[in-house]
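Chemist: Quick one, protein_33.cif (mmCIF, C-alpha atoms and all ligand atoms):
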```cif
data_final
#
loop_
_atom_site.group_PDB
_atom_site.id
_atom_site.type_symbol
_atom_site.label_atom_id
_atom_site.label_comp_id
_atom_site.auth_asym_id
_atom_site.auth_seq_id
_atom_site.Cartn_x
_atom_site.Cartn_y
_atom_site.Cartn_z
ATOM 1 C CA MET A 17 0.000 0.000 0.000
ATOM 2 C CA ILE A 18 1.248 3.457 -0.896
ATOM 3 C CA ARG A 19 0.064 6.610 0.802
ATOM 4 C CA ARG A 20 0.968 10.274 0.541
ATOM 5 C CA GLY A 21 3.502 11.453 3.069
ATOM 6 C CA ASN A 22 3.046 14.288 5.553
ATOM 7 C CA ARG A 23 5.036 16.166 8.174
ATOM 8 C CA GLN A 24 4.785 13.244 10.607
ATOM 9 C CA ASP A 25 6.819 11.134 8.191
ATOM 10 C CA VAL A 26 9.921 13.273 8.427
ATOM 11 C CA ARG A 27 11.533 10.926 10.929
ATOM 12 C CA PHE A 28 11.080 7.977 8.581
ATOM 13 C CA LEU A 29 12.407 10.050 5.679
ATOM 14 C CA ARG A 30 15.497 10.805 7.755
ATOM 15 C CA ASP A 31 15.981 7.067 8.339
ATOM 16 C CA MET A 32 15.559 6.342 4.644
ATOM 17 C CA LEU A 33 18.011 9.056 3.667
ATOM 18 C CA ARG A 34 20.854 6.885 4.906
ATOM 19 C CA HIS A 35 19.710 4.083 2.572
ATOM 20 C CA ALA A 36 19.019 6.395 -0.338
ATOM 21 C CA PHE A 37 22.531 7.840 -0.256
ATOM 22 C CA TYR A 38 24.465 4.982 1.382
ATOM 23 C CA TRP A 39 27.135 5.437 -1.294
ATOM 24 C CA ARG A 40 27.660 9.070 -0.198
ATOM 25 C CA ALA A 41 27.208 8.609 3.541
ATOM 26 C CA GLY A 42 30.768 7.449 4.183
ATOM 27 C CA VAL A 43 32.218 10.773 3.113
ATOM 28 C CA GLY A 44 32.231 13.295 6.001
ATOM 29 C CA ALA A 45 31.253 16.576 4.359
ATOM 30 C CA GLU A 46 28.883 14.857 1.959
ATOM 31 C CA ALA A 47 27.233 12.913 4.772
ATOM 32 C CA ALA A 48 26.501 16.181 6.602
ATOM 33 C CA SER A 49 25.109 17.700 3.436
ATOM 34 C CA LEU A 50 22.505 14.928 3.175
ATOM 35 C CA TRP A 51 20.344 16.809 5.681
ATOM 36 C CA ARG A 52 19.386 19.238 2.968
ATOM 37 C CA TYR A 53 17.118 16.514 1.585
ATOM 38 C CA VAL A 54 14.808 16.563 4.641
ATOM 39 C CA SER A 55 15.592 19.569 6.839
ATOM 40 C CA GLY A 56 12.644 21.895 7.403
ATOM 41 C CA TRP A 57 10.370 19.385 5.663
ATOM 42 C CA GLY A 58 7.072 20.811 4.426
ATOM 43 C CA ARG A 59 8.302 23.766 2.419
ATOM 44 C CA ARG A 60 6.845 24.654 -0.998
ATOM 45 C CA GLY A 61 7.534 21.918 -3.543
ATOM 46 C CA ASP A 62 8.118 19.137 -0.987
ATOM 47 C CA ALA A 63 6.230 15.890 -1.607
ATOM 48 C CA ALA A 64 6.551 12.326 -0.363
ATOM 49 C CA VAL A 65 4.947 8.922 -0.743
ATOM 50 C CA ILE A 66 5.329 6.110 1.770
ATOM 51 C CA ALA A 67 5.061 2.347 1.189
ATOM 52 C CA LEU A 68 3.434 0.398 4.015
ATOM 53 C CA GLU A 69 3.420 -3.301 4.768
ATOM 54 C CA GLY A 70 1.298 -4.492 7.668
ATOM 55 C CA GLY A 71 0.936 -0.865 8.715
ATOM 56 C CA PHE A 72 4.690 -0.319 8.939
ATOM 57 C CA PRO A 73 6.658 1.912 6.576
ATOM 58 C CA VAL A 74 9.052 -0.064 4.356
ATOM 59 C CA GLY A 75 10.035 2.523 1.798
ATOM 60 C CA ALA A 76 9.713 6.125 0.765
ATOM 61 C CA ALA A 77 10.161 8.320 -2.267
ATOM 62 C CA TRP A 78 10.148 12.068 -2.018
ATOM 63 C CA PHE A 79 11.103 15.145 -3.972
ATOM 64 C CA ARG A 80 12.187 18.644 -3.160
ATOM 65 C CA LEU A 81 13.233 21.781 -5.019
ATOM 66 C CA PHE A 82 16.743 23.101 -4.445
ATOM 67 C CA ALA A 83 18.217 26.543 -4.903
ATOM 68 C CA ARG A 84 21.160 27.010 -7.214
ATOM 69 C CA GLU A 85 23.287 28.241 -4.251
ATOM 70 C CA GLU A 86 22.577 25.068 -2.279
ATOM 71 C CA PRO A 87 21.947 22.386 -4.877
ATOM 72 C CA GLY A 88 21.284 18.675 -4.422
ATOM 73 C CA PHE A 89 23.633 16.120 -5.998
ATOM 74 C CA GLY A 90 21.240 15.764 -8.929
ATOM 75 C CA PHE A 91 20.505 19.479 -9.379
ATOM 76 C CA VAL A 92 19.567 20.566 -12.891
ATOM 77 C CA ASP A 93 17.605 23.767 -12.251
ATOM 78 C CA GLU A 94 15.424 25.472 -9.628
ATOM 79 C CA GLN A 95 12.168 24.315 -11.284
ATOM 80 C CA THR A 96 12.970 20.602 -11.312
ATOM 81 C CA PRO A 97 12.492 18.731 -8.030
ATOM 82 C CA GLU A 98 15.070 16.123 -7.072
ATOM 83 C CA VAL A 99 13.897 12.645 -6.108
ATOM 84 C CA SER A 100 15.240 10.564 -3.220
ATOM 85 C CA ILE A 101 14.064 6.976 -2.875
ATOM 86 C CA ALA A 102 14.810 3.951 -0.741
ATOM 87 C CA VAL A 103 13.187 0.689 0.227
ATOM 88 C CA VAL A 104 14.419 -1.064 3.367
ATOM 89 C CA PRO A 105 16.974 -3.697 2.293
ATOM 90 C CA SER A 106 14.889 -6.711 3.341
ATOM 91 C CA ARG A 107 11.989 -5.657 1.086
ATOM 92 C CA ARG A 108 13.836 -4.837 -2.138
ATOM 93 C CA GLY A 109 13.230 -6.557 -5.456
ATOM 94 C CA ARG A 110 9.467 -6.966 -4.940
ATOM 95 C CA GLY A 111 8.212 -4.043 -6.949
ATOM 96 C CA ILE A 112 7.872 -1.586 -4.066
ATOM 97 C CA GLY A 113 10.426 0.856 -5.485
ATOM 98 C CA THR A 114 8.632 0.893 -8.837
ATOM 99 C CA GLU A 115 5.272 1.499 -7.132
ATOM 100 C CA LEU A 116 6.728 4.336 -5.085
ATOM 101 C CA LEU A 117 8.174 5.977 -8.173
ATOM 102 C CA ASP A 118 4.888 5.605 -10.072
ATOM 103 C CA ALA A 119 3.053 7.290 -7.205
ATOM 104 C CA LEU A 120 5.611 10.086 -6.852
ATOM 105 C CA ILE A 121 5.595 10.781 -10.592
ATOM 106 C CA GLU A 122 1.804 11.098 -10.402
ATOM 107 C CA VAL A 123 2.172 13.684 -7.640
ATOM 108 C CA ALA A 124 4.707 15.615 -9.724
ATOM 109 C CA ARG A 125 2.321 15.647 -12.693
ATOM 110 C CA GLU A 126 -0.563 16.802 -10.493
ATOM 111 C CA GLN A 127 1.562 19.640 -9.217
ATOM 112 C CA GLY A 128 2.445 20.690 -12.757
ATOM 113 C CA PHE A 129 6.175 19.998 -12.720
ATOM 114 C CA GLU A 130 7.730 19.485 -16.147
ATOM 115 C CA GLY A 131 10.407 17.112 -14.974
ATOM 116 C CA LEU A 132 12.101 15.294 -12.130
ATOM 117 C CA THR A 133 15.757 14.661 -11.506
ATOM 118 C CA LEU A 134 17.830 12.363 -9.315
ATOM 119 C CA SER A 135 21.374 11.321 -8.556
ATOM 120 C CA VAL A 136 22.240 7.628 -8.442
ATOM 121 C CA ALA A 137 25.474 5.666 -7.989
ATOM 122 C CA ASN A 138 26.724 4.614 -11.418
ATOM 123 C CA ASP A 139 27.128 0.986 -10.311
ATOM 124 C CA SER A 140 23.697 0.747 -8.680
ATOM 125 C CA PRO A 141 21.216 -1.919 -9.748
ATOM 126 C CA ALA A 142 18.646 0.841 -9.215
ATOM 127 C CA LEU A 143 19.704 2.401 -12.532
ATOM 128 C CA GLY A 144 17.480 -0.120 -14.310
ATOM 129 C CA VAL A 145 14.455 0.907 -12.245
ATOM 130 C CA PHE A 146 14.901 4.564 -13.238
ATOM 131 C CA LYS A 147 15.561 3.792 -16.915
ATOM 132 C CA LYS A 148 12.350 1.763 -17.074
ATOM 133 C CA GLN A 149 10.456 4.786 -15.760
ATOM 134 C CA GLY A 150 11.920 6.913 -18.533
ATOM 135 C CA PHE A 151 14.705 8.702 -16.653
ATOM 136 C CA GLU A 152 17.643 9.561 -18.915
ATOM 137 C CA LYS A 153 21.242 10.311 -18.034
ATOM 138 C CA VAL A 154 22.011 14.026 -18.350
ATOM 139 C CA GLU A 155 25.333 14.193 -16.506
ATOM 140 C CA GLN A 156 27.889 11.847 -14.992
ATOM 141 C CA THR A 157 30.790 11.984 -12.559
ATOM 142 C CA ASP A 158 33.217 9.260 -11.446
ATOM 143 C CA VAL A 159 30.669 7.908 -8.966
ATOM 144 C CA ALA A 160 27.207 8.994 -10.008
ATOM 145 C CA TRP A 161 24.754 9.717 -12.770
ATOM 146 C CA THR A 162 22.290 12.567 -12.799
ATOM 147 C CA MET A 163 19.107 11.343 -14.469
ATOM 148 C CA ARG A 164 16.128 13.414 -15.606
ATOM 149 C CA LEU A 165 12.577 12.413 -16.398
ATOM 150 C CA SER A 166 10.562 14.649 -18.700
ATOM 151 C CA LEU A 167 6.902 14.992 -17.705
ATOM 152 C CA SER A 168 5.827 17.320 -20.508
HETATM 153 C C1 LIG A 201 16.278 1.707 -5.799
HETATM 154 C C2 LIG A 201 15.322 0.978 -4.881
HETATM 155 C C3 LIG A 201 14.449 2.001 -4.191
HETATM 156 C C4 LIG A 201 14.451 0.061 -5.739
HETATM 157 O O1 LIG A 201 13.493 -0.524 -4.886
HETATM 158 P P1 LIG A 201 12.944 -2.015 -5.136
HETATM 159 O O2 LIG A 201 11.730 -2.174 -4.324
HETATM 160 O O3 LIG A 201 14.044 -2.965 -4.977
HETATM 161 O O4 LIG A 201 12.558 -1.889 -6.682
HETATM 162 P P2 LIG A 201 11.700 -2.875 -7.553
HETATM 163 O O5 LIG A 201 11.457 -4.153 -6.823
HETATM 164 O O6 LIG A 201 10.548 -2.132 -8.070
HETATM 165 O O7 LIG A 201 12.663 -3.119 -8.762
HETATM 166 C C5 LIG A 201 13.724 -3.902 -8.527
HETATM 167 C C6 LIG A 201 14.558 -3.892 -9.749
HETATM 168 O O8 LIG A 201 15.806 -3.385 -9.347
HETATM 169 C C7 LIG A 201 16.732 -4.422 -9.250
HETATM 170 N N1 LIG A 201 17.273 -4.271 -7.888
HETATM 171 C C8 LIG A 201 17.960 -3.211 -7.519
HETATM 172 N N2 LIG A 201 18.438 -3.363 -6.276
HETATM 173 C C9 LIG A 201 17.982 -4.513 -5.823
HETATM 174 C C10 LIG A 201 18.118 -5.193 -4.603
HETATM 175 N N3 LIG A 201 18.897 -4.759 -3.613
HETATM 176 N N4 LIG A 201 17.446 -6.358 -4.455
HETATM 177 C C11 LIG A 201 16.708 -6.822 -5.467
HETATM 178 N N5 LIG A 201 16.564 -6.201 -6.652
HETATM 179 C C12 LIG A 201 17.213 -5.076 -6.852
HETATM 180 C C13 LIG A 201 16.031 -5.706 -9.586
HETATM 181 O O9 LIG A 201 16.845 -6.451 -10.449
HETATM 182 C C14 LIG A 201 14.744 -5.270 -10.253
HETATM 183 O O10 LIG A 201 14.889 -5.215 -11.625
HETATM 184 P P3 LIG A 201 13.768 -5.862 -12.573
HETATM 185 O O11 LIG A 201 12.540 -5.003 -12.409
HETATM 186 O O12 LIG A 201 14.360 -5.742 -13.937
HETATM 187 O O13 LIG A 201 13.576 -7.261 -12.096
HETATM 188 C C15 LIG A 201 16.075 0.105 -3.862
HETATM 189 O O14 LIG A 201 16.902 -0.799 -4.548
HETATM 190 C C16 LIG A 201 16.898 0.904 -2.884
HETATM 191 O O15 LIG A 201 16.409 1.329 -1.843
HETATM 192 N N6 LIG A 201 18.193 1.120 -3.215
HETATM 193 C C17 LIG A 201 19.079 1.899 -2.387
HETATM 194 C C18 LIG A 201 18.785 3.360 -2.498
HETATM 195 C C19 LIG A 201 19.105 3.953 -3.849
HETATM 196 O O16 LIG A 201 19.992 3.523 -4.552
HETATM 197 N N7 LIG A 201 18.346 5.004 -4.198
HETATM 198 C C20 LIG A 201 18.541 5.712 -5.437
HETATM 199 C C21 LIG A 201 19.274 6.990 -5.230
HETATM 200 S S1 LIG A 201 18.312 8.199 -4.373
#
```
Transcribe the structure of this file into structure tokens.

Modeler:
Amino acid sequence: MIRRGNRQDVRFLRDMLRHAFYWRAGVGAEAASLWRYVSGWGRRGDAAVIALEGGFPVGAAWFRLFAREEPGFGFVDEQTPEVSIAVVPSRRGRGIGTELLDALIEVAREQGFEGLTLSVANDSPALGVFKKQGFEKVEQTDVAWTMRLSLS
């Protein structure tokens, strides 16, 4: 079951952040900068969906707009929200991530956004999930791809 997220979910989003960016979390300064993905949750442009199993949250996908002066890892511009997503490790590979993305993309369409972006480790099996949803690589570094989905 997928439901829309709200301010009460911020604690769970913080937990999931560690999973979403596990490949960045080892690096001191970068680990600290992960807070930008959830701090002050509830500002304009923030949206989240939560996957539940037996009433317990098992995954989350959320997006947020970033300013050019304080961009996310997958920043493309100030009008394109950046997606974070994670499913708890024991529940991966069962379609939950795909369902979360479907639901989040629907929210983005409803809100009139023309695209979504994200940053993903270039060796992640998750790349396939994003490609299937129509995300395309727009930039790459040694460790990560920035991928963008066009909604227009
Ligand atoms: C990306 C992620 C959310 C996908 O969630 P999920 O519930 O495993 O996704 P699905 O079950 O819908 O799709 C799984 C697909 O990914 C692959 N996959 C990726 N990681 C996997 C894992 N750890 N276990 C099983 N399958 C995995 C499967 O092969 C499957 O591909 P298929 O559809 O061709 O069979 C999840 O792997 C995750 O939390 N990863 C760590 C966080 C991350 O990398 N986030 C992206 C950057 S923000």

Chemist: Residues within 8 Å of A:Ala119, please, as a VMD selection string. Count only C-alpha atoms; anything in the same chain fewer than 3 positions from it doesn't count.

Modeler: chain A and resid 18 65 115 to 116 122 to 123

Chemist: Selected by the PyMOL selection byres (((chain A and resi 52) around 10) and not hetatm) in the shown coordinates: which residues, as a PyMOL selection string?

Modeler: chain A and resi 48-51+53-57+80+82+86-88

Chemist: Can I get the selection written as an mmCIF file, in the frame of the given file, with C-alpha atoms?

Modeler:
```cif
data_model
loop_
_atom_site.group_PDB
_atom_site.id
_atom_site.type_symbol
_atom_site.label_atom_id
_atom_site.label_comp_id
_atom_site.auth_asym_id
_atom_site.auth_seq_id
_atom_site.Cartn_x
_atom_site.Cartn_y
_atom_site.Cartn_z
ATOM 1 C CA ALA A 48 26.501 16.181 6.602
ATOM 2 C CA SER A 49 25.109 17.700 3.436
ATOM 3 C CA LEU A 50 22.505 14.928 3.175
ATOM 4 C CA TRP A 51 20.344 16.809 5.681
ATOM 5 C CA TYR A 53 17.118 16.514 1.585
ATOM 6 C CA VAL A 54 14.808 16.563 4.641
ATOM 7 C CA SER A 55 15.592 19.569 6.839
ATOM 8 C CA GLY A 56 12.644 21.895 7.403
ATOM 9 C CA TRP A 57 10.370 19.385 5.663
ATOM 10 C CA ARG A 80 12.187 18.644 -3.160
ATOM 11 C CA PHE A 82 16.743 23.101 -4.445
ATOM 12 C CA GLU A 86 22.577 25.068 -2.279
ATOM 13 C CA PRO A 87 21.947 22.386 -4.877
ATOM 14 C CA GLY A 88 21.284 18.675 -4.422
#
```

Chemist: By how many Å are atom CA of A:Phe151 and atom CA of A:Asp118 apart?

Modeler: 12.2 Å

Chemist: Box for ligand LIG 201 (chain A) - axis-aligned, 8 Å on each of the six sides, all listed atoms - centre and size in Å to one decimal, as lines of an AutoDock Vina configuration file.

Modeler:
```
center_x = 15.3
center_y = 0.5
center_z = -7.9
size_x = 25.4
size_y = 31.5
size_z = 28.1
```

Chemist: Identify, counting only C-alpha atoms and all ligand atoms, the protein, DNA and RNA residues located within 7 Å of ligand LIG 201 (chain A), and give them as JSON, numbers by chain.

Modeler: {"A": [35, 36, 37, 99, 100, 101, 102, 103, 104, 105, 107, 108, 109, 110, 111, 112, 113, 114, 115, 134, 135, 136, 137, 140, 141, 142, 144, 145]}

Chemist: So what do you get for atom CA of A:Gln127 versus atom CA of A:Gln156, distance-wise?

Modeler: 28.1 Å

Chemist: So what do you get for atom CA of A:Glu94 versus atom CA of A:Ala77, distance-wise?

Modeler: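 Taking atom CA of A:Glu94 and atom CA of A:Ala77, their separation equals 19.4 Å.
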
Chemist: Taking the file as I've supplied it (selection: the PyMOL selection byres (((chain A and resi 132) around 12) and not hetatm)), which residues are included? Please answer as an MDAnalysis selection string.

Modeler: chainID A and resid 61 78:82 90:100 117 120:125 127:131 133:135 146 149:154 162:168
